[in-house]
Amino acid sequence: MKSAGTVNAVFRLGREMSIRVPLQSGDGVRAQVEAEVEAARELHGRTRFPTPEPLAVGEPGEGCPVPWSVQTWLEGTDAALSDPGGSLEFAEDLADFIRTVRAMDTRGRAFKGTGRGGDLRGHDAWVELCFERSEGVLDVGGLWPADLALDLVGAWHLLEVGPRAALRDALGCGDVEWGRGRAWALEQAMGLVWYYEESNPVMSAIGRRTVGRLLADD
């Protein structure tokens with residue numbers, strides 16, 4: 001089956017493992033693979049939820065020009081195929097996961113103000129482009145200090161109204177933090193709709209669903 005990933009493709013390896021292959025090449029790929037492996041290693045066993053355990057890093061070779069990683073395979077349900085948006089239990093689990101990750105020791109690392117969150121105004125030009133391109137049309141990558149509002153985008157990517165409210169209550173989000181999370185969800189979703197319309201229909205459909213939730217959200 002064709003992968004719907006945009007950064008990595010994941011393939012099953014036997015019954016208990018999977019291979020994670022970057023979809024991009026370049027000088028920074030190895031550093032990205034190693035950072036993802038370290039993030040997965042740091043997260044593994046730190047929450048009450050199972051997360052992939054990194055096992056090895058593979059070298060580029062014939063048929064695969066980039067480094068790749070091997071990790072444990074976790075059975076689960078694809079949220080793009082089986083929408084959990086109406087599940088209060090899922091919303092409560094998501095809130096618990098977010099709280100646990102937020103409480104983890106950053107080991108001296110600090111958010112630098114860019115990359116994962118920051119000043120939304122810096123994305124004005126991108127969102128403006130998304131609106132222009134959307135006329136008539138309506139991924140464990142890292143573990144590091146980030147804008148807390150980025151934790152909230154799943155409220156619209158994954159949840160309907162009732163469970164979304166339960167997530168907000170469980171996290172104790174104020175109006176400003178919640179509003180910024182909503183804005184980041186819009187920034188992400190608008191790009192998915194038009195950018196992947198031809199090349200990755202699954203990602204485009206996810207963005208379209210999120211935009212619909214945002215438009216219906218009071």
# chains A, B, ... in the order shown; residues from 1 in each chain; ligands from 1
>>> select_by_dssp(residues="chain A", states="strand (DSSP E or B)", output="JSON list (two decimals) with N, CA and C atoms, in the first residue's frame")
[["chain", "number", "residue", "atom", "x", "y", "z"],
["A", 8, "ASN", "N", 8.48, 10.45, 6.37],
["A", 8, "ASN", "CA", 8.99, 9.08, 6.43],
["A", 8, "ASN", "C", 7.95, 8.10, 5.92],
["A", 9, "ALA", "N", 8.42, 7.00, 5.36],
["A", 9, "ALA", "CA", 7.56, 5.86, 5.03],
["A", 9, "ALA", "C", 7.89, 4.75, 6.01],
["A", 10, "VAL", "N", 6.87, 4.09, 6.56],
["A", 10, "VAL", "CA", 7.06, 3.03, 7.54],
["A", 10, "VAL", "C", 6.60, 1.71, 6.94],
["A", 11, "PHE", "N", 7.47, 0.70, 7.03],
["A", 11, "PHE", "CA", 7.18, -0.61, 6.47],
["A", 11, "PHE", "C", 7.28, -1.67, 7.56],
["A", 12, "ARG", "N", 6.37, -2.64, 7.51],
["A", 12, "ARG", "CA", 6.38, -3.75, 8.47],
["A", 12, "ARG", "C", 7.57, -4.65, 8.19],
["A", 13, "LEU", "N", 8.28, -5.08, 9.23],
["A", 13, "LEU", "CA", 9.41, -6.00, 9.13],
["A", 13, "LEU", "C", 9.13, -7.17, 10.05],
["A", 17, "MET", "N", 8.69, -5.85, 14.20],
["A", 17, "MET", "CA", 9.52, -4.69, 13.90],
["A", 17, "MET", "C", 8.98, -3.92, 12.71],
["A", 18, "SER", "N", 9.48, -2.69, 12.56],
["A", 18, "SER", "CA", 9.14, -1.86, 11.41],
["A", 18, "SER", "C", 10.38, -1.08, 10.98],
["A", 19, "ILE", "N", 10.39, -0.68, 9.72],
["A", 19, "ILE", "CA", 11.48, 0.12, 9.17],
["A", 19, "ILE", "C", 10.94, 1.50, 8.84],
["A", 20, "ARG", "N", 11.68, 2.52, 9.25],
["A", 20, "ARG", "CA", 11.29, 3.91, 9.03],
["A", 20, "ARG", "C", 12.29, 4.53, 8.06],
["A", 21, "VAL", "N", 11.83, 4.86, 6.85],
["A", 21, "VAL", "CA", 12.71, 5.34, 5.79],
["A", 21, "VAL", "C", 12.39, 6.79, 5.44],
["A", 22, "PRO", "N", 13.36, 7.70, 5.53],
["A", 22, "PRO", "CA", 13.12, 9.09, 5.16],
["A", 22, "PRO", "C", 12.73, 9.22, 3.69],
["A", 54, "PRO", "N", 13.35, 2.22, 19.59],
["A", 54, "PRO", "CA", 14.36, 2.15, 18.52],
["A", 54, "PRO", "C", 15.29, 0.97, 18.73],
["A", 55, "LEU", "N", 15.61, 0.29, 17.62],
["A", 55, "LEU", "CA", 16.45, -0.90, 17.70],
["A", 55, "LEU", "C", 17.78, -0.75, 16.97],
["A", 56, "ALA", "N", 17.77, -0.05, 15.83],
["A", 56, "ALA", "CA", 19.00, 0.06, 15.04],
["A", 56, "ALA", "C", 18.86, 1.17, 14.01],
["A", 57, "VAL", "N", 20.00, 1.62, 13.49],
["A", 57, "VAL", "CA", 20.05, 2.57, 12.38],
["A", 57, "VAL", "C", 20.77, 1.90, 11.22],
["A", 58, "GLY", "N", 20.14, 1.88, 10.05],
["A", 58, "GLY", "CA", 20.73, 1.25, 8.87],
["A", 58, "GLY", "C", 21.45, 2.25, 8.00],
["A", 61, "GLY", "N", 22.36, 2.17, 1.04],
["A", 61, "GLY", "CA", 22.86, 1.08, 0.20],
["A", 61, "GLY", "C", 22.09, 1.02, -1.09],
["A", 64, "CYS", "N", 18.37, 2.10, -1.56],
["A", 64, "CYS", "CA", 17.98, 3.02, -0.48],
["A", 64, "CYS", "C", 19.15, 3.96, -0.22],
["A", 68, "TRP", "N", 18.37, 4.81, 7.54],
["A", 68, "TRP", "CA", 17.02, 4.44, 7.94],
["A", 68, "TRP", "C", 17.09, 3.83, 9.32],
["A", 69, "SER", "N", 15.95, 3.67, 9.96],
["A", 69, "SER", "CA", 15.94, 3.15, 11.32],
["A", 69, "SER", "C", 14.98, 1.97, 11.44],
["A", 70, "VAL", "N", 15.26, 1.13, 12.44],
["A", 70, "VAL", "CA", 14.41, 0.00, 12.76],
["A", 70, "VAL", "C", 13.85, 0.22, 14.16],
["A", 71, "GLN", "N", 12.57, -0.03, 14.34],
["A", 71, "GLN", "CA", 11.95, 0.12, 15.65],
["A", 71, "GLN", "C", 10.91, -0.98, 15.85],
["A", 72, "THR", "N", 10.44, -1.12, 17.06],
["A", 72, "THR", "CA", 9.40, -2.12, 17.32],
["A", 72, "THR", "C", 8.10, -1.71, 16.64]]
>>> select_by_dssp(residues="chain A", states="alpha helix (DSSP H)", output="PyMOL selection string")
chain A and resi 29-43+88-102+124-133+154-157+161-171+175-195+201-216
>>> residues_around(residues="Asn200 (chain A)", least_positions_apart="3", cutoff="12 Å", atoms="only C-alpha atoms", output="list in words")
Lys2, Ser3, Ala4, Gly5, Thr6, Val7, Leu192, Val193, Trp194, Tyr195, Tyr196, Glu197, Met203, Ser204, Ala205, Ile206 and Gly207 of chain A
>>> closest_residue(among="A:Arg213, A:Arg121, A:Arg99, A:Arg109", to="Thr47 (chain A)", atoms="only C-alpha atoms")
A:Arg99
>>> closest_atom_pairs(of="region 108-136 of chain A", to="region 175-188 of chain A", cutoff="8 Å", atoms="only C-alpha atoms", output="CSV")
residue,atom,partner,partner_atom,distance
A:Gly117,CA,A:Trp184,CA,7.8
A:Leu120,CA,A:Trp184,CA,7.6
A:His123,CA,A:Glu187,CA,7.7
A:Val127,CA,A:Glu187,CA,6.1
>>> closest_residue(among="A:His157, A:Arg102, A:Arg30, A:Arg133", to="Ala80 (chain A)", atoms="only C-alpha atoms")
A:His157
>>> atom_distance(atom1="CA of Asp93 (chain A)", atom2="CA of Trp156 (chain A)")
15.4 Å
>>> closest_residue(among="A:Leu81, A:Ala31, A:Leu94, A:Val211", to="Gly191 (chain A)", atoms="only C-alpha atoms")
A:Val211
>>> closest_residue(among="A:Val202, A:Phe111, A:Val66, A:Asp83", to="Gln24 (chain A)", atoms="only C-alpha atoms")
A:Val66
>>> decode(residues="region 60-104 of chain A", atoms="N, CA and C atoms", output="mmCIF file, in the first residue's frame")
data_model
loop_
_atom_site.group_PDB
_atom_site.id
_atom_site.type_symbol
_atom_site.label_atom_id
_atom_site.label_comp_id
_atom_site.auth_asym_id
_atom_site.auth_seq_id
_atom_site.Cartn_x
_atom_site.Cartn_y
_atom_site.Cartn_z
ATOM 1 N N PRO A 60 22.896 3.715 4.230
ATOM 2 C CA PRO A 60 22.458 3.765 2.831
ATOM 3 C C PRO A 60 23.069 2.620 2.035
ATOM 4 N N GLY A 61 22.360 2.165 1.037
ATOM 5 C CA GLY A 61 22.859 1.079 0.203
ATOM 6 C C GLY A 61 22.091 1.018 -1.090
ATOM 7 N N GLU A 62 22.277 -0.065 -1.833
ATOM 8 C CA GLU A 62 21.601 -0.227 -3.107
ATOM 9 C C GLU A 62 20.086 -0.220 -2.914
ATOM 10 N N GLY A 63 19.416 0.649 -3.629
ATOM 11 C CA GLY A 63 17.967 0.744 -3.535
ATOM 12 C C GLY A 63 17.473 1.667 -2.442
ATOM 13 N N CYS A 64 18.367 2.104 -1.561
ATOM 14 C CA CYS A 64 17.983 3.023 -0.482
ATOM 15 C C CYS A 64 19.153 3.964 -0.219
ATOM 16 N N PRO A 65 19.126 5.161 -0.791
ATOM 17 C CA PRO A 65 20.269 6.061 -0.710
ATOM 18 C C PRO A 65 20.367 6.869 0.585
ATOM 19 N N VAL A 66 19.507 6.599 1.546
ATOM 20 C CA VAL A 66 19.501 7.380 2.792
ATOM 21 C C VAL A 66 19.595 6.442 3.991
ATOM 22 N N PRO A 67 20.075 6.928 5.141
ATOM 23 C CA PRO A 67 20.045 6.116 6.361
ATOM 24 C C PRO A 67 18.601 5.886 6.799
ATOM 25 N N TRP A 68 18.371 4.811 7.538
ATOM 26 C CA TRP A 68 17.019 4.438 7.941
ATOM 27 C C TRP A 68 17.089 3.828 9.325
ATOM 28 N N SER A 69 15.948 3.670 9.955
ATOM 29 C CA SER A 69 15.939 3.146 11.319
ATOM 30 C C SER A 69 14.985 1.973 11.442
ATOM 31 N N VAL A 70 15.261 1.133 12.440
ATOM 32 C CA VAL A 70 14.406 -0.002 12.762
ATOM 33 C C VAL A 70 13.853 0.215 14.164
ATOM 34 N N GLN A 71 12.569 -0.034 14.336
ATOM 35 C CA GLN A 71 11.947 0.120 15.649
ATOM 36 C C GLN A 71 10.909 -0.979 15.846
ATOM 37 N N THR A 72 10.435 -1.118 17.057
ATOM 38 C CA THR A 72 9.402 -2.119 17.318
ATOM 39 C C THR A 72 8.103 -1.709 16.636
ATOM 40 N N TRP A 73 7.330 -2.714 16.243
ATOM 41 C CA TRP A 73 6.030 -2.491 15.617
ATOM 42 C C TRP A 73 4.946 -2.475 16.689
ATOM 43 N N LEU A 74 4.072 -1.497 16.618
ATOM 44 C CA LEU A 74 2.960 -1.413 17.551
ATOM 45 C C LEU A 74 1.651 -1.605 16.796
ATOM 46 N N GLU A 75 0.851 -2.538 17.256
ATOM 47 C CA GLU A 75 -0.473 -2.716 16.661
ATOM 48 C C GLU A 75 -1.343 -1.527 17.042
ATOM 49 N N GLY A 76 -2.186 -1.110 16.134
ATOM 50 C CA GLY A 76 -3.058 0.020 16.441
ATOM 51 C C GLY A 76 -4.032 0.285 15.318
ATOM 52 N N THR A 77 -4.751 1.367 15.425
ATOM 53 C CA THR A 77 -5.750 1.769 14.444
ATOM 54 C C THR A 77 -5.345 3.093 13.828
ATOM 55 N N ASP A 78 -5.413 3.185 12.523
ATOM 56 C CA ASP A 78 -5.077 4.410 11.797
ATOM 57 C C ASP A 78 -6.222 5.404 11.957
ATOM 58 N N ALA A 79 -5.914 6.562 12.556
ATOM 59 C CA ALA A 79 -6.956 7.564 12.793
ATOM 60 C C ALA A 79 -7.533 8.123 11.497
ATOM 61 N N ALA A 80 -6.777 7.993 10.388
ATOM 62 C CA ALA A 80 -7.296 8.465 9.112
ATOM 63 C C ALA A 80 -8.345 7.501 8.550
ATOM 64 N N LEU A 81 -8.285 6.248 8.983
ATOM 65 C CA LEU A 81 -9.227 5.243 8.482
ATOM 66 C C LEU A 81 -10.374 4.997 9.448
ATOM 67 N N SER A 82 -10.092 5.083 10.747
ATOM 68 C CA SER A 82 -11.114 4.876 11.772
ATOM 69 C C SER A 82 -11.105 6.102 12.684
ATOM 70 N N ASP A 83 -11.938 7.064 12.370
ATOM 71 C CA ASP A 83 -11.935 8.369 13.026
ATOM 72 C C ASP A 83 -12.308 8.247 14.510
ATOM 73 N N PRO A 84 -11.392 8.624 15.430
ATOM 74 C CA PRO A 84 -11.700 8.559 16.856
ATOM 75 C C PRO A 84 -12.325 9.843 17.389
ATOM 76 N N GLY A 85 -12.729 10.735 16.479
ATOM 77 C CA GLY A 85 -13.139 12.077 16.866
ATOM 78 C C GLY A 85 -14.274 12.155 17.863
ATOM 79 N N GLY A 86 -15.138 11.143 17.915
ATOM 80 C CA GLY A 86 -16.271 11.188 18.829
ATOM 81 C C GLY A 86 -16.031 10.479 20.145
ATOM 82 N N SER A 87 -14.804 10.020 20.388
ATOM 83 C CA SER A 87 -14.519 9.217 21.579
ATOM 84 C C SER A 87 -14.023 10.075 22.742
ATOM 85 N N LEU A 88 -14.788 10.123 23.825
ATOM 86 C CA LEU A 88 -14.350 10.830 25.030
ATOM 87 C C LEU A 88 -13.147 10.120 25.655
ATOM 88 N N GLU A 89 -13.145 8.802 25.600
ATOM 89 C CA GLU A 89 -12.028 8.036 26.171
ATOM 90 C C GLU A 89 -10.727 8.372 25.459
ATOM 91 N N PHE A 90 -10.789 8.490 24.136
ATOM 92 C CA PHE A 90 -9.605 8.858 23.369
ATOM 93 C C PHE A 90 -9.126 10.250 23.741
ATOM 94 N N ALA A 91 -10.069 11.190 23.888
ATOM 95 C CA ALA A 91 -9.714 12.557 24.262
ATOM 96 C C ALA A 91 -9.027 12.593 25.630
ATOM 97 N N GLU A 92 -9.547 11.808 26.571
ATOM 98 C CA GLU A 92 -8.942 11.764 27.910
ATOM 99 C C GLU A 92 -7.557 11.137 27.876
ATOM 100 N N ASP A 93 -7.384 10.091 27.045
ATOM 101 C CA ASP A 93 -6.059 9.477 26.894
ATOM 102 C C ASP A 93 -5.077 10.453 26.273
ATOM 103 N N LEU A 94 -5.537 11.203 25.260
ATOM 104 C CA LEU A 94 -4.679 12.190 24.607
ATOM 105 C C LEU A 94 -4.240 13.259 25.594
ATOM 106 N N ALA A 95 -5.174 13.728 26.437
ATOM 107 C CA ALA A 95 -4.838 14.728 27.455
ATOM 108 C C ALA A 95 -3.814 14.177 28.446
ATOM 109 N N ASP A 96 -3.981 12.915 28.830
ATOM 110 C CA ASP A 96 -3.042 12.290 29.760
ATOM 111 C C ASP A 96 -1.653 12.194 29.147
ATOM 112 N N PHE A 97 -1.590 11.828 27.871
ATOM 113 C CA PHE A 97 -0.301 11.743 27.186
ATOM 114 C C PHE A 97 0.374 13.117 27.128
ATOM 115 N N ILE A 98 -0.396 14.149 26.778
ATOM 116 C CA ILE A 98 0.158 15.500 26.697
ATOM 117 C C ILE A 98 0.675 15.959 28.050
ATOM 118 N N ARG A 99 -0.107 15.741 29.105
ATOM 119 C CA ARG A 99 0.330 16.138 30.448
ATOM 120 C C ARG A 99 1.625 15.432 30.833
ATOM 121 N N THR A 100 1.721 14.151 30.536
ATOM 122 C CA THR A 100 2.909 13.389 30.908
ATOM 123 C C THR A 100 4.141 13.887 30.170
ATOM 124 N N VAL A 101 4.008 14.136 28.869
ATOM 125 C CA VAL A 101 5.151 14.619 28.093
ATOM 126 C C VAL A 101 5.560 16.019 28.542
ATOM 127 N N ARG A 102 4.575 16.860 28.845
ATOM 128 C CA ARG A 102 4.908 18.205 29.316
ATOM 129 C C ARG A 102 5.674 18.185 30.633
ATOM 130 N N ALA A 103 5.454 17.157 31.439
ATOM 131 C CA ALA A 103 6.104 17.067 32.747
ATOM 132 C C ALA A 103 7.501 16.453 32.683
ATOM 133 N N MET A 104 7.915 15.977 31.519
ATOM 134 C CA MET A 104 9.226 15.350 31.397
ATOM 135 C C MET A 104 10.344 16.381 31.542
#
